[in-house]
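A.B. asks: This is the content of target13.cif (mmCIF, C-alpha atoms):
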```
data_work
loop_
_atom_site.label_atom_id
_atom_site.label_comp_id
_atom_site.auth_asym_id
_atom_site.auth_seq_id
_atom_site.Cartn_x
_atom_site.Cartn_y
_atom_site.Cartn_z
CA MET A 228 7.09 -38.88 -132.86
CA LYS A 229 10.82 -38.36 -132.27
CA TYR A 230 10.45 -34.58 -132.74
CA ALA A 231 7.42 -34.45 -130.44
CA ALA A 232 9.27 -36.35 -127.70
CA SER A 233 12.30 -34.13 -128.04
CA ASN A 234 10.19 -30.98 -127.80
CA PHE A 235 8.39 -32.37 -124.77
CA TRP A 236 11.57 -32.98 -122.80
CA ARG A 237 13.05 -29.65 -123.79
CA ALA A 238 9.87 -27.84 -122.78
CA GLY A 239 9.91 -29.72 -119.48
CA ALA A 240 13.50 -28.64 -118.88
CA VAL A 241 12.60 -25.02 -119.59
CA LEU A 242 9.67 -25.17 -117.16
CA LEU A 243 11.93 -26.60 -114.46
CA LEU A 244 14.41 -23.83 -115.07
CA LEU A 245 11.63 -21.26 -114.92
CA GLY A 246 10.52 -22.75 -111.62
CA GLY A 247 14.04 -22.26 -110.29
CA VAL A 248 14.16 -18.59 -111.21
CA ALA A 249 12.23 -17.60 -108.08
CA GLY A 250 14.82 -19.23 -105.86
CA ALA A 251 17.62 -17.74 -107.90
CA VAL A 252 16.34 -14.20 -107.34
CA ARG A 253 17.45 -14.24 -103.76
CA ALA A 254 20.79 -15.93 -104.48
CA ALA A 255 21.90 -14.02 -107.51
CA GLY A 256 22.57 -10.43 -108.26
CA THR A 257 20.74 -8.39 -110.86
CA ASP A 258 23.27 -9.08 -113.61
CA GLU A 259 23.18 -12.84 -113.05
CA LEU A 260 19.37 -12.84 -113.03
CA GLU A 261 19.21 -10.94 -116.31
CA ARG A 262 21.67 -13.37 -117.86
CA ARG A 263 19.54 -16.36 -116.83
CA ILE A 264 16.36 -14.75 -118.11
CA ASP A 265 18.08 -14.04 -121.43
CA VAL A 266 19.11 -17.73 -121.72
CA LEU A 267 15.56 -18.87 -120.96
CA SER A 268 14.14 -16.43 -123.52
CA ARG A 269 16.39 -17.89 -126.21
CA GLU A 270 15.30 -21.41 -125.23
CA ILE A 271 11.64 -20.43 -125.62
CA GLU A 272 12.30 -18.84 -129.02
CA GLU A 273 14.05 -22.02 -130.17
CA LEU A 274 11.01 -24.04 -129.14
CA LYS A 275 8.74 -21.71 -131.09
CA THR A 276 10.75 -22.12 -134.28
CA MET A 277 11.55 -25.81 -133.84
CA GLY A 278 10.01 -27.95 -136.56
CA ARG A 279 10.60 -25.32 -139.24
CA GLY A 280 13.38 -25.08 -141.75
CA ALA A 281 15.01 -21.98 -143.13
CA SER A 282 12.32 -21.60 -145.77
CA GLY A 283 9.49 -22.16 -143.32
CA THR A 284 8.83 -25.72 -144.56
CA GLU A 285 7.61 -27.79 -141.65
CA TYR A 286 9.86 -30.61 -140.60
CA GLY A 287 6.61 -31.93 -139.24
CA ALA A 288 5.92 -33.01 -142.82
CA VAL A 289 8.44 -35.80 -142.23
CA GLN A 290 5.92 -37.31 -139.87
CA LYS A 291 3.48 -37.47 -142.80
CA THR A 292 5.99 -39.32 -144.98
CA ARG A 293 6.25 -43.05 -144.43
CA VAL A 294 9.05 -45.36 -145.51
CA GLY A 295 8.73 -49.13 -145.57
CA GLY A 296 9.30 -52.13 -147.75
CA TYR A 297 9.55 -55.88 -148.01
CA MET A 298 12.35 -58.28 -148.91
CA GLU A 299 12.80 -62.02 -149.35
CA LEU A 300 15.71 -64.44 -149.62
CA HIS A 301 15.13 -67.91 -151.08
CA TYR A 302 17.02 -71.19 -151.14
CA LEU A 303 15.71 -73.35 -153.99
CA SER A 304 16.72 -76.97 -154.57
CA THR A 305 15.40 -79.71 -156.87
CA GLN A 306 14.98 -83.28 -155.63
CA LYS A 307 17.23 -84.66 -158.36
CA GLY A 308 19.99 -82.34 -157.29
CA ASP A 309 20.27 -80.83 -160.75
CA GLY A 310 19.88 -77.30 -159.52
CA GLU A 311 20.08 -75.30 -156.32
CA ASN A 312 20.79 -71.70 -155.46
CA PHE A 313 20.32 -68.81 -153.07
CA ASP A 314 18.36 -65.94 -154.56
CA PHE A 315 17.69 -62.58 -152.94
CA HIS A 316 14.49 -62.55 -154.91
CA ARG A 317 13.02 -59.17 -154.06
CA TYR A 318 14.09 -55.92 -152.47
CA VAL A 319 11.15 -53.52 -152.47
CA LEU A 320 11.11 -50.03 -150.98
CA TYR A 321 7.88 -48.23 -150.14
CA VAL A 322 7.50 -44.46 -149.81
CA GLY A 323 4.19 -42.82 -149.02
CA HIS A 324 3.11 -39.32 -148.12
CA ARG A 325 -0.05 -37.85 -146.61
CA PHE A 326 -0.67 -34.42 -148.11
CA SER A 327 -3.89 -34.07 -146.16
CA ASP A 328 -6.54 -36.22 -144.56
CA TRP A 329 -8.01 -37.00 -147.99
CA ILE A 330 -5.01 -36.91 -150.37
CA GLN A 331 -2.24 -39.50 -150.11
CA PHE A 332 0.61 -40.84 -152.24
CA HIS A 333 1.88 -44.44 -152.31
CA SER A 334 4.81 -45.95 -154.21
CA GLU A 335 6.97 -49.08 -154.45
CA LEU A 336 10.32 -49.55 -156.20
CA GLU A 337 11.26 -53.19 -156.79
CA PHE A 338 14.72 -54.65 -157.40
CA GLU A 339 14.72 -58.38 -158.26
CA HIS A 340 17.47 -61.00 -158.06
CA GLY A 341 20.14 -58.61 -156.88
CA PHE A 342 21.39 -57.46 -160.28
CA ILE A 343 20.37 -56.38 -163.76
CA ASN A 344 22.34 -57.79 -166.67
CA ASP A 345 21.44 -59.02 -170.15
CA ARG A 346 17.70 -58.78 -169.44
CA GLN A 347 18.06 -60.75 -166.19
CA GLY A 348 16.90 -59.18 -162.97
CA GLU A 349 14.51 -56.26 -162.84
CA PHE A 350 14.35 -52.75 -161.44
CA GLU A 351 10.88 -51.33 -161.83
CA LEU A 352 8.31 -48.93 -160.49
CA GLU A 353 5.70 -51.35 -159.22
CA GLN A 354 3.34 -48.77 -157.74
CA ALA A 355 3.14 -44.99 -157.73
CA TYR A 356 -0.31 -43.53 -157.35
CA ILE A 357 -2.27 -40.69 -155.77
CA ASP A 358 -5.40 -41.38 -153.77
CA PHE A 359 -8.08 -38.70 -153.52
CA LYS A 360 -10.62 -39.77 -150.89
CA PRO A 361 -13.13 -36.99 -150.20
CA LYS A 362 -15.55 -39.45 -148.58
CA GLU A 363 -15.05 -42.51 -146.42
CA ASP A 364 -16.82 -44.72 -148.96
CA PHE A 365 -15.44 -43.21 -152.21
CA GLY A 366 -12.01 -42.50 -153.64
CA ILE A 367 -10.23 -41.74 -156.91
CA ARG A 368 -6.87 -43.35 -157.73
CA ALA A 369 -4.44 -42.45 -160.53
CA GLY A 370 -0.89 -43.52 -161.35
CA VAL A 371 0.87 -46.88 -161.57
CA ILE A 372 -1.67 -49.32 -160.12
CA VAL A 373 -1.56 -53.01 -159.22
CA ALA A 374 -4.41 -54.71 -161.09
CA PRO A 375 -6.99 -55.96 -158.53
CA MET A 376 -6.95 -59.53 -159.88
CA GLY A 377 -7.11 -62.13 -157.13
CA VAL A 378 -5.61 -61.82 -153.65
CA ILE A 379 -1.88 -62.45 -154.14
CA ASN A 380 -1.50 -59.91 -156.94
CA GLN A 381 -2.73 -57.23 -154.54
CA PHE A 382 -1.19 -58.48 -151.28
CA HIS A 383 2.09 -60.21 -152.05
CA GLU A 384 4.32 -59.24 -149.14
CA PRO A 385 6.17 -62.40 -147.98
CA PRO A 386 4.58 -62.67 -144.49
CA THR A 387 1.07 -62.61 -146.02
CA PHE A 388 1.25 -66.01 -147.78
CA HIS A 389 2.41 -69.38 -146.45
CA GLY A 390 4.77 -70.81 -149.10
CA VAL A 391 8.28 -69.76 -149.99
CA GLU A 392 7.04 -68.90 -153.49
CA ARG A 393 3.65 -67.51 -154.41
CA PRO A 394 1.06 -70.03 -155.65
CA ASP A 395 1.70 -70.99 -159.28
CA VAL A 396 -1.90 -70.17 -160.22
CA ASP A 397 -0.99 -66.58 -159.35
CA ASN A 398 2.00 -66.82 -161.66
CA LYS A 399 0.99 -69.02 -164.60
CA ILE A 400 -2.65 -67.96 -164.92
CA ILE A 401 -2.79 -64.55 -163.21
CA PRO A 402 0.43 -62.83 -164.31
CA SER A 403 1.45 -61.56 -160.87
CA THR A 404 2.80 -59.09 -160.11
CA TRP A 405 0.65 -57.32 -162.70
CA PHE A 406 0.72 -53.54 -162.62
CA ALA A 407 0.09 -50.81 -165.16
CA ALA A 408 -0.51 -47.11 -165.49
CA GLY A 409 -4.14 -46.16 -165.15
CA ALA A 410 -6.88 -44.47 -163.16
CA GLY A 411 -10.21 -45.30 -161.60
CA VAL A 412 -12.38 -45.31 -158.53
CA TYR A 413 -12.77 -47.42 -155.41
CA GLY A 414 -14.95 -47.42 -152.35
CA SER A 415 -17.69 -49.21 -150.41
CA LEU A 416 -21.25 -49.92 -151.50
CA THR A 417 -22.10 -51.20 -148.02
CA PRO A 418 -19.98 -51.70 -144.89
CA ASN A 419 -19.32 -55.28 -146.07
CA LEU A 420 -19.04 -54.75 -149.84
CA LYS A 421 -16.06 -52.94 -151.38
CA TYR A 422 -15.33 -52.26 -155.04
CA GLN A 423 -12.48 -51.18 -157.34
CA ILE A 424 -12.67 -50.34 -161.05
CA TYR A 425 -9.78 -48.99 -163.12
CA GLY A 426 -8.87 -48.32 -166.70
CA ILE A 427 -5.27 -49.52 -167.22
CA ASN A 428 -2.81 -50.15 -170.03
CA ALA A 429 -4.07 -53.37 -171.57
CA LEU A 430 -2.32 -56.70 -171.91
CA GLN A 431 -0.98 -56.71 -175.46
CA PHE A 432 0.46 -58.89 -178.18
CA VAL A 433 3.20 -56.44 -179.15
CA SER A 434 5.74 -57.15 -181.87
CA GLY A 435 9.19 -57.23 -180.30
CA GLY A 436 8.00 -56.94 -176.70
CA ARG A 437 8.35 -54.13 -174.20
CA ASP A 438 11.95 -53.23 -174.94
CA GLY A 439 11.21 -52.28 -178.53
CA THR A 440 13.58 -54.84 -180.09
CA LYS A 441 12.52 -56.71 -183.21
CA ALA A 442 14.77 -59.72 -182.73
CA THR A 443 12.17 -61.99 -181.17
CA GLY A 444 9.02 -60.81 -182.94
CA LEU A 445 5.47 -61.29 -181.79
CA GLY A 446 5.60 -65.04 -182.34
CA ALA A 447 7.84 -65.39 -179.29
CA GLN A 448 5.01 -64.03 -177.14
CA LEU A 449 2.57 -66.68 -178.33
CA GLY A 450 2.38 -70.11 -176.79
CA THR A 451 1.09 -72.16 -173.89
CA ASP A 452 3.24 -70.90 -171.03
CA GLY A 453 0.80 -68.24 -169.84
CA ILE A 454 0.31 -64.55 -170.59
CA ARG A 455 3.06 -62.97 -168.47
CA ASN A 456 4.81 -61.59 -171.56
CA LEU A 457 1.71 -59.60 -172.45
CA ARG A 458 2.12 -57.26 -169.48
CA GLN A 459 3.13 -53.85 -170.81
CA LYS A 460 3.48 -52.52 -167.26
CA GLN A 461 3.29 -48.75 -166.91
CA PHE A 462 5.01 -47.90 -170.18
CA GLY A 463 2.43 -49.10 -172.67
CA GLY A 464 3.69 -48.65 -176.20
CA GLU A 465 5.15 -45.21 -175.73
CA GLN A 466 8.62 -46.40 -176.72
CA ASN A 467 7.22 -46.57 -180.25
CA GLY A 468 5.31 -43.32 -179.97
CA ASP A 469 2.04 -45.22 -179.63
CA VAL A 470 -0.65 -45.48 -177.00
CA LEU A 471 -1.99 -48.99 -176.69
CA ASP A 472 -5.48 -50.10 -175.79
CA ILE A 473 -7.05 -49.55 -172.39
CA GLY A 474 -8.32 -52.54 -170.44
CA ILE A 475 -10.81 -52.59 -167.59
CA ALA A 476 -9.83 -54.24 -164.29
CA ALA A 477 -12.47 -54.47 -161.58
CA ARG A 478 -13.01 -56.22 -158.27
CA LEU A 479 -15.63 -56.79 -155.59
CA ASP A 480 -14.77 -57.85 -152.03
CA TYR A 481 -17.46 -59.09 -149.68
CA ALA A 482 -16.95 -59.78 -145.97
CA VAL A 483 -19.58 -62.26 -144.79
CA GLU A 484 -21.08 -60.71 -141.69
CA ARG A 485 -21.81 -63.83 -139.61
CA TYR A 486 -18.61 -65.74 -140.43
CA PRO A 487 -14.87 -64.93 -140.72
CA LEU A 488 -15.14 -65.40 -144.47
CA ASN A 489 -14.05 -63.03 -147.24
CA LEU A 490 -15.14 -63.54 -150.84
CA GLY A 491 -13.69 -61.84 -153.91
CA PHE A 492 -14.51 -61.55 -157.59
CA SER A 493 -12.21 -59.96 -160.18
CA TYR A 494 -12.74 -59.15 -163.85
CA TYR A 495 -10.44 -58.05 -166.65
CA GLY A 496 -11.35 -57.26 -170.25
CA GLY A 497 -9.40 -55.53 -173.00
CA ALA A 498 -8.40 -55.58 -176.64
CA ALA A 499 -4.91 -56.93 -177.34
CA ASP A 500 -4.67 -56.28 -181.06
CA ASP A 501 -3.00 -52.88 -181.30
CA LYS A 502 0.18 -54.26 -182.91
CA VAL A 503 -0.95 -57.45 -184.62
CA LEU A 504 -1.36 -57.94 -188.37
CA ASP A 505 -4.79 -57.49 -189.89
CA THR A 506 -4.81 -61.20 -190.71
CA ALA A 507 -4.46 -62.00 -186.99
CA GLY A 508 -8.01 -60.90 -186.28
CA ASN A 509 -8.97 -58.89 -183.22
CA PRO A 510 -7.65 -60.76 -180.18
CA GLU A 511 -9.17 -59.76 -176.89
CA LEU A 512 -8.45 -61.06 -173.40
CA THR A 513 -11.09 -61.70 -170.77
CA GLY A 514 -10.17 -62.79 -167.26
CA LEU A 515 -12.28 -63.95 -164.32
CA VAL A 516 -11.11 -64.73 -160.78
CA PHE A 517 -13.01 -65.99 -157.75
CA ASP A 518 -11.30 -66.28 -154.37
CA ALA A 519 -12.21 -67.05 -150.77
CA ARG A 520 -10.40 -66.73 -147.43
CA TYR A 521 -11.52 -68.10 -144.06
CA ARG A 522 -9.82 -67.79 -140.67
CA GLN A 523 -11.19 -68.95 -137.33
CA ASP A 524 -9.19 -69.73 -134.23
CA ARG A 525 -6.22 -71.84 -135.38
CA LEU A 526 -7.60 -72.79 -138.78
CA ASP A 527 -7.29 -70.86 -142.01
CA PHE A 528 -8.34 -71.78 -145.51
CA ALA A 529 -7.86 -70.09 -148.87
CA GLY A 530 -8.93 -70.90 -152.39
CA GLU A 531 -8.84 -69.34 -155.83
CA TRP A 532 -10.05 -70.09 -159.35
CA ALA A 533 -8.84 -68.11 -162.37
CA GLN A 534 -9.49 -68.21 -166.10
CA PHE A 535 -8.37 -66.15 -169.10
CA ASP A 536 -9.80 -66.44 -172.61
CA VAL A 537 -7.98 -65.27 -175.77
CA ASP A 538 -10.25 -64.50 -178.71
CA ASP A 539 -8.99 -65.23 -182.25
CA ALA A 540 -6.21 -67.53 -181.04
CA ASP A 541 -6.57 -69.47 -184.30
CA LYS A 542 -5.96 -66.34 -186.38
CA LEU A 543 -2.88 -65.48 -184.32
CA LYS A 544 -1.58 -68.96 -185.13
CA SER A 545 -2.28 -68.50 -188.86
CA ALA A 546 -0.64 -65.08 -188.97
CA TYR A 547 2.51 -65.86 -186.98
CA GLY A 548 2.94 -69.62 -187.12
CA ALA A 549 3.13 -70.09 -183.36
CA ASP A 550 0.47 -71.79 -181.28
CA GLN A 551 -1.56 -69.65 -178.91
CA ALA A 552 -3.79 -71.11 -176.21
CA ALA A 553 -7.39 -69.96 -176.40
CA ARG A 554 -7.97 -70.52 -172.68
CA LEU A 555 -5.87 -70.68 -169.51
CA GLU A 556 -7.38 -71.97 -166.31
CA GLY A 557 -6.30 -72.94 -162.82
CA TRP A 558 -7.32 -73.21 -159.20
CA TYR A 559 -5.95 -74.04 -155.79
CA ALA A 560 -7.20 -74.92 -152.32
CA GLN A 561 -5.11 -74.44 -149.20
CA GLY A 562 -5.54 -75.30 -145.54
CA ALA A 563 -3.39 -74.44 -142.54
CA TYR A 564 -3.38 -75.09 -138.81
CA TRP A 565 -1.60 -72.74 -136.41
CA LEU A 566 0.30 -74.83 -133.88
CA LEU A 567 1.52 -71.68 -132.17
CA GLN A 568 -0.22 -68.32 -132.05
CA PRO A 569 0.69 -64.96 -130.48
CA GLY A 570 -0.03 -65.14 -126.77
CA ASP A 571 0.59 -68.90 -126.43
CA ARG A 572 4.06 -68.33 -125.03
CA ASN A 573 5.87 -65.75 -122.97
CA GLY A 574 9.23 -64.13 -123.49
CA LEU A 575 10.84 -64.24 -126.92
CA LEU A 576 7.95 -66.24 -128.42
CA ALA A 577 5.17 -64.03 -127.06
CA ASP A 578 4.34 -62.74 -130.57
CA ALA A 579 5.31 -65.88 -132.48
CA GLY A 580 3.25 -68.03 -134.84
CA LEU A 581 3.96 -71.48 -136.29
CA ALA A 582 1.72 -73.25 -138.80
CA GLY A 583 1.64 -76.32 -140.99
CA PHE A 584 -0.07 -76.02 -144.36
CA VAL A 585 -0.89 -78.02 -147.45
CA ARG A 586 -1.89 -76.61 -150.84
CA TYR A 587 -3.27 -78.43 -153.88
CA GLU A 588 -2.93 -76.66 -157.21
CA LYS A 589 -4.22 -77.59 -160.65
CA PHE A 590 -3.65 -75.40 -163.66
CA ASP A 591 -3.52 -75.70 -167.42
CA THR A 592 -1.93 -72.96 -169.50
CA ALA A 593 -3.49 -74.50 -172.60
CA LYS A 594 -6.88 -75.54 -171.31
CA LYS A 595 -8.37 -74.87 -174.71
CA MET A 596 -6.41 -74.82 -177.99
CA PRO A 597 -7.64 -73.62 -181.40
CA ALA A 598 -8.38 -76.23 -184.04
CA ASN A 599 -5.26 -75.36 -186.05
CA ALA A 600 -2.83 -75.82 -183.12
CA THR A 601 0.12 -78.09 -183.91
CA ASP A 602 1.51 -78.70 -180.42
CA ARG A 603 -1.13 -80.23 -178.16
CA ALA A 604 1.17 -82.06 -175.75
CA GLN A 605 3.52 -79.37 -174.47
CA ASN A 606 4.98 -79.94 -171.02
CA ASN A 607 3.81 -77.67 -168.23
CA ARG A 608 0.34 -77.40 -169.74
CA ASP A 609 -1.92 -79.49 -167.55
CA ARG A 610 -0.30 -79.82 -164.14
CA THR A 611 -1.23 -80.76 -160.63
CA GLN A 612 1.03 -80.14 -157.66
CA TRP A 613 1.05 -80.51 -153.90
CA VAL A 614 2.86 -78.10 -151.62
CA TYR A 615 3.56 -78.98 -147.96
CA GLY A 616 5.16 -76.42 -145.74
CA ILE A 617 5.82 -74.74 -142.40
CA PRO A 618 5.89 -70.96 -141.93
CA PHE A 619 7.33 -69.69 -138.65
CA LYS A 620 6.78 -66.07 -137.63
CA PRO A 621 8.84 -64.93 -134.64
CA VAL A 622 6.98 -61.63 -135.08
CA ALA A 623 4.01 -60.77 -137.27
CA ASN A 624 6.00 -59.11 -140.08
CA LEU A 625 8.79 -61.65 -140.48
CA ALA A 626 8.40 -65.22 -141.74
CA VAL A 627 10.88 -68.10 -141.99
CA LYS A 628 9.51 -70.72 -144.39
CA LEU A 629 10.21 -74.27 -145.50
CA ASP A 630 8.18 -76.22 -148.07
CA TYR A 631 8.28 -79.19 -150.43
CA THR A 632 6.53 -79.28 -153.82
CA SER A 633 5.71 -82.39 -155.86
CA PHE A 634 4.61 -82.13 -159.49
CA ASN A 635 2.62 -84.28 -161.87
CA ASP A 636 1.94 -83.44 -165.52
CA ALA A 637 -1.08 -84.90 -167.31
CA ASP A 638 0.97 -86.03 -170.35
CA GLY A 639 3.13 -88.27 -168.15
CA THR A 640 6.23 -86.10 -168.26
CA THR A 641 7.62 -83.86 -165.53
CA PHE A 642 8.87 -80.51 -166.68
CA ASP A 643 10.20 -79.75 -163.19
CA SER A 644 11.53 -82.19 -160.61
CA ASP A 645 10.20 -81.98 -157.07
CA LYS A 646 11.52 -79.04 -155.10
CA LEU A 647 12.62 -78.29 -151.57
CA ASN A 648 12.51 -74.58 -150.84
CA ALA A 649 13.43 -72.46 -147.85
CA GLY A 650 13.19 -68.72 -147.40
CA ILE A 651 12.94 -65.75 -145.13
CA GLY A 652 10.80 -62.71 -145.86
CA TRP A 653 9.90 -59.58 -143.99
CA GLN A 654 8.03 -56.32 -144.28
CA PHE A 655 8.22 -53.08 -142.34
#
```
Give the structure from this file in structure tokens form.
C.D. replies:
Amino acid sequence: MKYAASNFWRAGAVLLLLGGVAGAVRAAGTDELERRIDVLSREIEELKTMGRGASGTEYGAVQKTRVGGYMELHYLSTQKGDGENFDFHRYVLYVGHRFSDWIQFHSELEFEHGFINDRQGEFELEQAYIDFKPKEDFGIRAGVIVAPMGVINQFHEPPTFHGVERPDVDNKIIPSTWFAAGAGVYGSLTPNLKYQIYGINALQFVSGGRDGTKATGLGAQLGTDGIRNLRQKQFGGEQNGDVLDIGIAARLDYAVERYPLNLGFSYYGGAADDKVLDTAGNPELTGLVFDARYRQDRLDFAGEWAQFDVDDADKLKSAYGADQAARLEGWYAQGAYWLLQPGDRNGLLADAGLAGFVRYEKFDTAKKMPANATDRAQNNRDRTQWVYGIPFKPVANLAVKLDYTSFNDADGTTFDSDKLNAGIGWQF
């Protein structure tokens, strides 16, 4: 747009100068007139070549390349006062490019916690894929893809969810942010029904983990704290010269025609036994997610239920000596009321929004344990929690948030004390 505006004004200036040539004919001699015409000719030639580099590459391609991102700063504090800190949690840069009307590239680079040291902090390629969309209702996608499991794993920019942190169900049960190399198709079956289906690097029980070290062993990946450690991300097992199993991730989204209601269903299935001992059986993971979102006037509601099953959890325990949950399950329900919406005020608050929300979460990272499990009362297994908060958006893509979380564990203990969190997040 900047180049187009610049060309417009320059062209306008040239036309004005051309309009003045007629008057200059009478006032100037032949030599002066020729000089002015020569200047104008050079201006026109510059306009013809503007937007092209020395090699003929169009600078206009810059207009097809988009740069964006999202960032968030958190202040986290426990009620007991035993821990508090500021954390620049995420710094994510987006770069996309439109090669043509039907071929586009999208990518995100993520830098977490402001540093990388001794396996703390992360710098990773969260997305990098090509979309081929020859038809409005059909496309092909290949590259590093975010698994379409639930809502938050797909749309996790800070202004898109109410709390300072993402819901714990989307952390403990669905291992967000979950991305992997893969390929697949997406599109629309009807105007209200959309689908995605991809083959991606599978979640894996891998001896030593992603970094290839053998110090921790596979047993360290087993347990009742969720399945986050099973994400192989885009690299699969290539550090060992291996290609791991391929999992299937699929999703359906349905927009109810008569109501402002969106329903979603996600599925994941894949073998996770590429690196386990023969005595550990053939563990497979199966995940199901249902979600719903409703927004009308000043009210919005959201809910999600997620479950993952691990086959042969008992054989993993026998082979490695560490307990492995056979099922993880969780759900949440959230309601919000917008006290202030865009258009309610004039001036600085013309685009502002202010809401109060409450979210109830219940999740169990060891919903079902195999018969040979030895630890059936681990903290942080069966938990309920309430989150109360206020997000304020001075503009649509920036949110200032404050919330309070109270925890209750089914075994009578509290792994975490209640938390007061504040944060600011933005996207552009």
A.B. asks: Please list as a PyMOL selection string every residue within 6 Å of stretch 577-580 of chain A, counting all atoms listed in the file and excluding residues in the same chain fewer than 3 positions away.
C.D. replies: chain A and resi 567-570+572-574+619-622
A.B. asks: Run the PyMOL selection byres ((chain A and resi 558-565) around 6) mentally over the shown coordinates, then write out the matched residues as an NGL selection string, using the chain letters and numbers from the document.
C.D. replies: :A and (525-532 or 557 or 566-567 or 581-589)
A.B. asks: Taking into account all atoms listed in the file, which residue in the set A:Gln431, A:Thr417, A:Asn456, A:Thr592 is nearest to A:Pro510?
C.D. replies: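 Checking each candidate against A:Pro510, we get A:Gln431 as the closest.
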A.B. asks: Just the residues within 10 Å of A:Glu556, please, counting all atoms listed in the file, with nothing from its chain fewer than 6 positions along; format it as a list in words.
C.D. replies: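 Residues near the query, excluding close chain neighbours: Val396, Lys399, Ile400, Ile401, Gly453, Gly514, Leu515, Val516, Trp532, Ala533, Gln534, Phe535, Asp536, Lys589, Phe590, Asp591, Thr592, Ala593, Lys594, Lys595 and Asp609 of chain A.
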A.B. asks: Quick check on the file I pasted: which residues fall under the PyMOL selection byres ((chain A and resi 297) around 12)? Write them as a VMD selection string.
C.D. replies: chain A and resid 294 to 296 298 to 300 315 to 322 335 to 339 382 to 387 624 to 626 651 to 655
A.B. asks: Could the residues in this selection be saved with C-alpha atoms as a tab-separated table (two decimals), in the coordinates of the input?
C.D. replies:
```
chain	number	residue	atom	x	y	z
A	294	VAL	CA	9.05	-45.36	-145.51
A	295	GLY	CA	8.73	-49.13	-145.57
A	296	GLY	CA	9.30	-52.13	-147.75
A	298	MET	CA	12.35	-58.28	-148.91
A	299	GLU	CA	12.80	-62.02	-149.35
A	300	LEU	CA	15.71	-64.44	-149.62
A	315	PHE	CA	17.69	-62.58	-152.94
A	316	HIS	CA	14.49	-62.55	-154.91
A	317	ARG	CA	13.02	-59.17	-154.06
A	318	TYR	CA	14.09	-55.92	-152.47
A	319	VAL	CA	11.15	-53.52	-152.47
A	320	LEU	CA	11.11	-50.03	-150.98
A	321	TYR	CA	7.88	-48.23	-150.14
A	322	VAL	CA	7.50	-44.46	-149.81
A	335	GLU	CA	6.97	-49.08	-154.45
A	336	LEU	CA	10.32	-49.55	-156.20
A	337	GLU	CA	11.26	-53.19	-156.79
A	338	PHE	CA	14.72	-54.65	-157.40
A	339	GLU	CA	14.72	-58.38	-158.26
A	382	PHE	CA	-1.19	-58.48	-151.28
A	383	HIS	CA	2.09	-60.21	-152.05
A	384	GLU	CA	4.32	-59.24	-149.14
A	385	PRO	CA	6.17	-62.40	-147.98
A	386	PRO	CA	4.58	-62.67	-144.49
A	387	THR	CA	1.07	-62.61	-146.02
A	624	ASN	CA	6.00	-59.11	-140.08
A	625	LEU	CA	8.79	-61.65	-140.48
A	626	ALA	CA	8.40	-65.22	-141.74
A	651	ILE	CA	12.94	-65.75	-145.13
A	652	GLY	CA	10.80	-62.71	-145.86
A	653	TRP	CA	9.90	-59.58	-143.99
A	654	GLN	CA	8.03	-56.32	-144.28
A	655	PHE	CA	8.22	-53.08	-142.34
```
A.B. asks: At what distance in Å, to one decimal, does atom CA of A:Ala552 lie from atom CA of A:Pro597?
C.D. replies: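 That distance, rounded to one decimal, is 6.9 Å.
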A.B. asks: Counting all atoms listed in the file, which of A:Lys646, A:Asn509, A:Asp395, A:Phe332 gets nearest to A:Arg610?
C.D. replies: A:Asp395
A.B. asks: Do you know which residues are at most 7 Å from A:Asp397 counting all atoms listed in the file, after dropping those on the same chain fewer than 5 positions away, and could you put them as a PyMOL selection string?
C.D. replies: chain A and resi 379+402-403
A.B. asks: Decode the PyMOL selection byres ((chain A and resi 494) around 8) for the given file into explicit residues and return them as a list in words.
C.D. replies: Met376, Ile475, Ala476, Ala477, Arg478, Phe492, Ser493, Tyr495, Gly496, Thr513, Gly514, Leu515 and Val516 of chain A
A.B. asks: Filtering to C-alpha atoms, could you give me those residues as an mmCIF file, in the frame of the given file?
C.D. replies:
```cif
data_model
loop_
_atom_site.group_PDB
_atom_site.id
_atom_site.type_symbol
_atom_site.label_atom_id
_atom_site.label_comp_id
_atom_site.auth_asym_id
_atom_site.auth_seq_id
_atom_site.Cartn_x
_atom_site.Cartn_y
_atom_site.Cartn_z
ATOM 1 C CA MET A 376 -6.950 -59.530 -159.880
ATOM 2 C CA ILE A 475 -10.810 -52.590 -167.590
ATOM 3 C CA ALA A 476 -9.830 -54.240 -164.290
ATOM 4 C CA ALA A 477 -12.470 -54.470 -161.580
ATOM 5 C CA ARG A 478 -13.010 -56.220 -158.270
ATOM 6 C CA PHE A 492 -14.510 -61.550 -157.590
ATOM 7 C CA SER A 493 -12.210 -59.960 -160.180
ATOM 8 C CA TYR A 495 -10.440 -58.050 -166.650
ATOM 9 C CA GLY A 496 -11.350 -57.260 -170.250
ATOM 10 C CA THR A 513 -11.090 -61.700 -170.770
ATOM 11 C CA GLY A 514 -10.170 -62.790 -167.260
ATOM 12 C CA LEU A 515 -12.280 -63.950 -164.320
ATOM 13 C CA VAL A 516 -11.110 -64.730 -160.780
#
```
A.B. asks: For atom CA of A:Tyr486 and atom CA of A:Ser415, determine how far apart the two atoms are, in Å to one decimal place.
C.D. replies: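 One can read the atom CA of A:Tyr486 to atom CA of A:Ser415 distance as 19.3 Å.
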A.B. asks: Considering all atoms listed in the file, can you say which of A:Ile330, A:Ile424, A:Leu416, A:Val378 comes closest to A:Phe359?
C.D. replies: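 Going through A:Ile330, A:Ile424, A:Leu416, A:Val378 one by one, the smallest distance to A:Phe359 is for A:Ile330.
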A.B. asks: Can you tell me, as a PyMOL selection string, what residues are no more than 7 Å from A:Ile357 when counting only C-alpha atoms, ignoring any on the same chain fewer than 4 positions away?
C.D. replies: chain A and resi 331-333+368-370
